[in-house]
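A short write-up of the structure that comes next.
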Amino acid sequence: MTRKIGIIGDGHVGSTVAHYIVANGFADDLVLIDKNEAKVNADALDFEEAMPNLPFHTNIIVNDYAALEDADVIISALGNVRLNDNADNDRFAELPFTSKNVKEVAAKIRDAGFNGIIIAITNPVDVITQLYQEITGLPKAHVIGTGTLLDSARMKRAVAKKLNIDARSVSGYNLGEHGNSQFTAWSTVRALDQPLEELAQIRKLDLQEIDQDARNGGFVVFKGKGYTNYGVATAAVRLANIVLSDARTELPVSNYREDYGVYLSYPVVVGREGVVEKVDLNLTNEEKAKLQDSADFIKSNFKKYSK
């Protein structure tokens with residue numbers, strides 16, 4: 001069975017996603033779409049010239065929306081990172097730009113007859129994911145965002161540093177908006193086979209400090225090099241591979257929550273059909289209140305730009 005992935009947006013993130021896919025042979029066909037034809041054609045040629053030194057072959061298709069009809073996954077990586085230069089750590093600075101462009105792109109995806117899974121990276125990702133779903137008309141389970149999959153990874157990195165262990169040995173979630181209102185749900189976090197809240201008392205860990213470290217991770221990277229790419233690209237490709245292989249993996253991704261009436265990050269089981277099972281966490285009352293606040297913030301911003 002041919003594996004086909006489309007990438008919309010060939011900037012810092014989109015090109016990193018594409019390189020990860022090509023270098024590891026994750027797709028047989030890769031469709032690259034970007035308004036900057038010189039850039040996307042240059043990357044396509046660059047990838048083709050990399051292939052003689054790779055153990056994999058990938059067919060590269062450029063700027064052809066019709067080629068998305070039979071794609072398994074589309075990854076939306078379009079954006080304008082320069083809008084964040086003076087945004088005071090606010091991902092919603094991109095929303096006027098991205099909402100306009102996503103409306104155009106989503107209509108073209110719909111008109112191409114695409115019936116696979118959309119994975120949105122584009123910021124602010126929760127609002128954008130909901131826009132894609134409403135415009136394409138795809139089932140809600142088939143449109144997901146990377147959401148706090150990245151924020152949860154940043155939390156695991158921060159916890160692991162304090163404990164001097166591998167970040168993959170930490171489990172747990174950051175929830176809500178992929179943005180300023182997201183939070184670490186400490187009741188879900190475990191390390192060294194113990195609840196982290198208990199371990200923090202034994203090891204004298206400052207959970208507030210760790211939470212702030214996780215929140216600031218992306219902005220530290222952004223300020224250092226002017227954009228972020230590796231962390232979110234890896235999250236998106238992991239999601240795409242889970243869909244392609246029907247791996248049925250529990251992850252905190254942006255998905256539509258009926259109880260909140262909006263897209264936000266909360267764990268679900270992801271497989272070939274996108275969201276294949278919902279998960280219910282036993283959150284504390286404080287965590288539930290934070291999640292509601294995050295949902296209200298996303299919903300208010302979605303209403304401004306959904307028309």
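Letters for chains follow the order of the structure tokens (A, B, ...), residue numbers begin at 1 for each chain, and ligand numbers begin at 1 in the order shown.
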
Would you give me, as a PDB file with C-alpha atoms, in the first residue's frame, the residues in region 27-162 of chain A that DSSP reads as strand (DSSP E)?
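part-v7.pdb written:
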ATOM      1  CA  ASP A  29       4.775   9.973  -2.259  1.00  0.00           C
ATOM      2  CA  LEU A  30       5.258  13.440  -0.780  1.00  0.00           C
ATOM      3  CA  VAL A  31       3.234  16.428  -2.002  1.00  0.00           C
ATOM      4  CA  LEU A  32       4.815  19.820  -1.201  1.00  0.00           C
ATOM      5  CA  ILE A  33       2.666  22.939  -1.526  1.00  0.00           C
ATOM      6  CA  ASN A  59       8.371  10.584  -5.144  1.00  0.00           C
ATOM      7  CA  ILE A  60       8.145  14.384  -4.789  1.00  0.00           C
ATOM      8  CA  ILE A  61       5.143  16.256  -6.218  1.00  0.00           C
ATOM      9  CA  VAL A  62       5.059  20.060  -6.115  1.00  0.00           C
ATOM     10  CA  VAL A  73      -2.299  12.549   5.717  1.00  0.00           C
ATOM     11  CA  ILE A  74      -1.997  16.287   5.128  1.00  0.00           C
ATOM     12  CA  ILE A  75       0.230  18.274   7.490  1.00  0.00           C
ATOM     13  CA  SER A  76      -0.541  21.999   7.650  1.00  0.00           C
ATOM     14  CA  ILE A 117      -6.436  12.806   8.149  1.00  0.00           C
ATOM     15  CA  ILE A 118      -5.387  16.449   8.598  1.00  0.00           C
ATOM     16  CA  ILE A 119      -2.669  17.231  11.143  1.00  0.00           C
ATOM     17  CA  ALA A 120      -2.363  20.944  11.875  1.00  0.00           C
ATOM     18  CA  VAL A 143      -8.829  16.622  11.879  1.00  0.00           C
ATOM     19  CA  ILE A 144      -6.336  16.957  14.723  1.00  0.00           C
ATOM     20  CA  GLY A 145      -3.609  19.368  15.777  1.00  0.00           C
TER      21      GLY A 145
END

Give me, as an MDAnalysis selection string, all polymer residues having an atom no more than 8 Å from region 10-27 of chain A, counting only C-alpha atoms and skipping those fewer than 2 positions away in the same chain. chainID A and resid 2:5 7:8 29:30 32:34 39:40 43 47 54:58 76:79 227:230 232:234 236:237 241

Grab the residues selected above and save them as a compact mmCIF listing (two decimals), in the first residue's frame with N, CA, C and O atoms.
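out.txt, written as the output of this step:
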# COMPACT_ATOMS: atom_id res chain seq x y z
N THR A 2 0.64 2.16 -0.93
CA THR A 2 1.43 3.39 -1.05
C THR A 2 1.09 4.34 0.08
O THR A 2 -0.08 4.59 0.38
N ARG A 3 2.12 4.88 0.69
CA ARG A 3 1.94 5.88 1.76
C ARG A 3 2.14 7.26 1.16
O ARG A 3 3.19 7.55 0.59
N LYS A 4 1.12 8.12 1.30
CA LYS A 4 1.17 9.43 0.68
C LYS A 4 0.87 10.51 1.70
O LYS A 4 -0.16 10.48 2.38
N ILE A 5 1.79 11.49 1.79
CA ILE A 5 1.64 12.59 2.73
C ILE A 5 1.74 13.91 1.98
O ILE A 5 2.58 14.06 1.09
N ILE A 7 2.22 18.15 2.49
CA ILE A 7 2.65 19.19 3.42
C ILE A 7 2.27 20.54 2.83
O ILE A 7 2.69 20.87 1.71
N ILE A 8 1.46 21.30 3.54
CA ILE A 8 1.07 22.64 3.12
C ILE A 8 1.93 23.65 3.88
O ILE A 8 1.84 23.75 5.10
N ASP A 29 5.08 8.76 -1.51
CA ASP A 29 4.77 9.97 -2.26
C ASP A 29 4.66 11.14 -1.29
O ASP A 29 3.97 11.03 -0.26
N LEU A 30 5.31 12.25 -1.62
CA LEU A 30 5.26 13.44 -0.78
C LEU A 30 4.86 14.63 -1.64
O LEU A 30 5.54 14.96 -2.61
N LEU A 32 4.39 18.57 -1.84
CA LEU A 32 4.81 19.82 -1.20
C LEU A 32 4.08 20.99 -1.84
O LEU A 32 4.11 21.14 -3.07
N ILE A 33 3.43 21.80 -1.01
CA ILE A 33 2.67 22.94 -1.53
C ILE A 33 3.06 24.21 -0.79
O ILE A 33 3.07 24.26 0.45
N ASP A 34 3.41 25.24 -1.57
CA ASP A 34 3.76 26.54 -1.00
C ASP A 34 3.59 27.61 -2.07
O ASP A 34 3.84 27.35 -3.25
N LYS A 39 11.08 28.60 -3.77
CA LYS A 39 11.53 27.89 -2.57
C LYS A 39 11.10 26.43 -2.60
O LYS A 39 11.90 25.52 -2.33
N VAL A 40 9.84 26.15 -2.91
CA VAL A 40 9.35 24.78 -2.85
C VAL A 40 9.98 23.92 -3.95
O VAL A 40 10.29 22.74 -3.73
N ASP A 43 13.54 23.14 -2.78
CA ASP A 43 13.57 22.07 -1.78
C ASP A 43 13.32 20.71 -2.43
O ASP A 43 13.97 19.72 -2.07
N PHE A 47 15.89 17.63 -2.16
CA PHE A 47 15.55 16.29 -1.66
C PHE A 47 15.90 15.21 -2.69
O PHE A 47 16.42 14.14 -2.33
N LEU A 54 20.66 8.16 0.23
CA LEU A 54 19.70 7.65 1.20
C LEU A 54 19.31 6.21 0.85
O LEU A 54 19.34 5.83 -0.32
N PRO A 55 18.89 5.42 1.84
CA PRO A 55 18.43 4.06 1.56
C PRO A 55 16.98 4.00 1.09
O PRO A 55 16.44 2.92 0.91
N PHE A 56 16.33 5.18 0.91
CA PHE A 56 14.92 5.23 0.56
C PHE A 56 14.70 6.08 -0.69
O PHE A 56 15.49 6.97 -0.99
N HIS A 57 13.59 5.80 -1.37
CA HIS A 57 13.16 6.67 -2.48
C HIS A 57 11.81 7.26 -2.15
O HIS A 57 10.90 6.56 -1.67
N THR A 58 11.65 8.54 -2.40
CA THR A 58 10.37 9.23 -2.20
C THR A 58 10.03 9.99 -3.47
O THR A 58 10.87 10.75 -3.99
N SER A 76 -0.48 20.56 7.89
CA SER A 76 -0.54 22.00 7.65
C SER A 76 0.54 22.69 8.45
O SER A 76 0.51 22.71 9.68
N ALA A 77 1.52 23.26 7.73
CA ALA A 77 2.63 23.96 8.38
C ALA A 77 2.75 25.40 7.90
O ALA A 77 3.78 26.04 8.10
N LEU A 78 1.69 25.92 7.28
CA LEU A 78 1.78 27.30 6.78
C LEU A 78 1.75 28.29 7.94
O LEU A 78 1.23 28.00 9.01
N GLY A 79 2.33 29.45 7.72
CA GLY A 79 2.36 30.48 8.75
C GLY A 79 3.26 31.63 8.34
O GLY A 79 3.83 31.64 7.24
N TYR A 227 12.91 31.27 15.04
CA TYR A 227 11.82 30.35 14.70
C TYR A 227 12.01 29.08 15.52
O TYR A 227 13.06 28.87 16.13
N THR A 228 10.99 28.23 15.56
CA THR A 228 11.11 26.89 16.12
C THR A 228 10.80 25.90 15.01
O THR A 228 9.97 26.20 14.15
N ASN A 229 11.43 24.74 15.02
CA ASN A 229 11.11 23.78 13.96
C ASN A 229 11.28 22.32 14.37
O ASN A 229 10.39 21.51 14.13
N TYR A 230 12.38 21.95 15.01
CA TYR A 230 12.64 20.53 15.23
C TYR A 230 11.62 19.85 16.14
O TYR A 230 11.13 18.76 15.84
N VAL A 232 8.43 20.69 16.99
CA VAL A 232 7.07 20.55 16.47
C VAL A 232 7.04 19.68 15.23
O VAL A 232 6.08 18.93 15.00
N ALA A 233 8.10 19.74 14.40
CA ALA A 233 8.14 18.88 13.21
C ALA A 233 8.19 17.42 13.62
O ALA A 233 7.52 16.57 13.01
N THR A 234 8.96 17.11 14.65
CA THR A 234 9.04 15.72 15.14
C THR A 234 7.69 15.25 15.67
O THR A 234 7.28 14.11 15.42
N ALA A 236 4.72 16.32 14.71
CA ALA A 236 3.81 16.14 13.57
C ALA A 236 4.10 14.85 12.82
O ALA A 236 3.18 14.12 12.43
N VAL A 237 5.38 14.57 12.59
CA VAL A 237 5.74 13.35 11.85
C VAL A 237 5.42 12.11 12.69
O VAL A 237 4.97 11.09 12.15
N ASN A 241 2.99 9.14 11.33
CA ASN A 241 3.37 7.73 11.33
C ASN A 241 2.41 6.86 12.13
O ASN A 241 2.13 5.72 11.77

Shell around region 281-283 of chain A at 10 Å using only C-alpha atoms, local window under 3 positions removed, as a VMD selection string: chain A and resid 185 to 188 266 to 267 278 286 to 289 291

From a DSSP calculation on the backbone, collect every residue of region 269-302 of chain A in alpha helix (DSSP H) and output the set as a list of chain:residue names. A:Asn285, A:Glu286, A:Glu287, A:Lys288, A:Ala289, A:Lys290, A:Leu291, A:Gln292, A:Asp293, A:Ser294, A:Ala295, A:Asp296, A:Phe297, A:Ile298, A:Lys299, A:Ser300, A:Asn301, A:Phe302
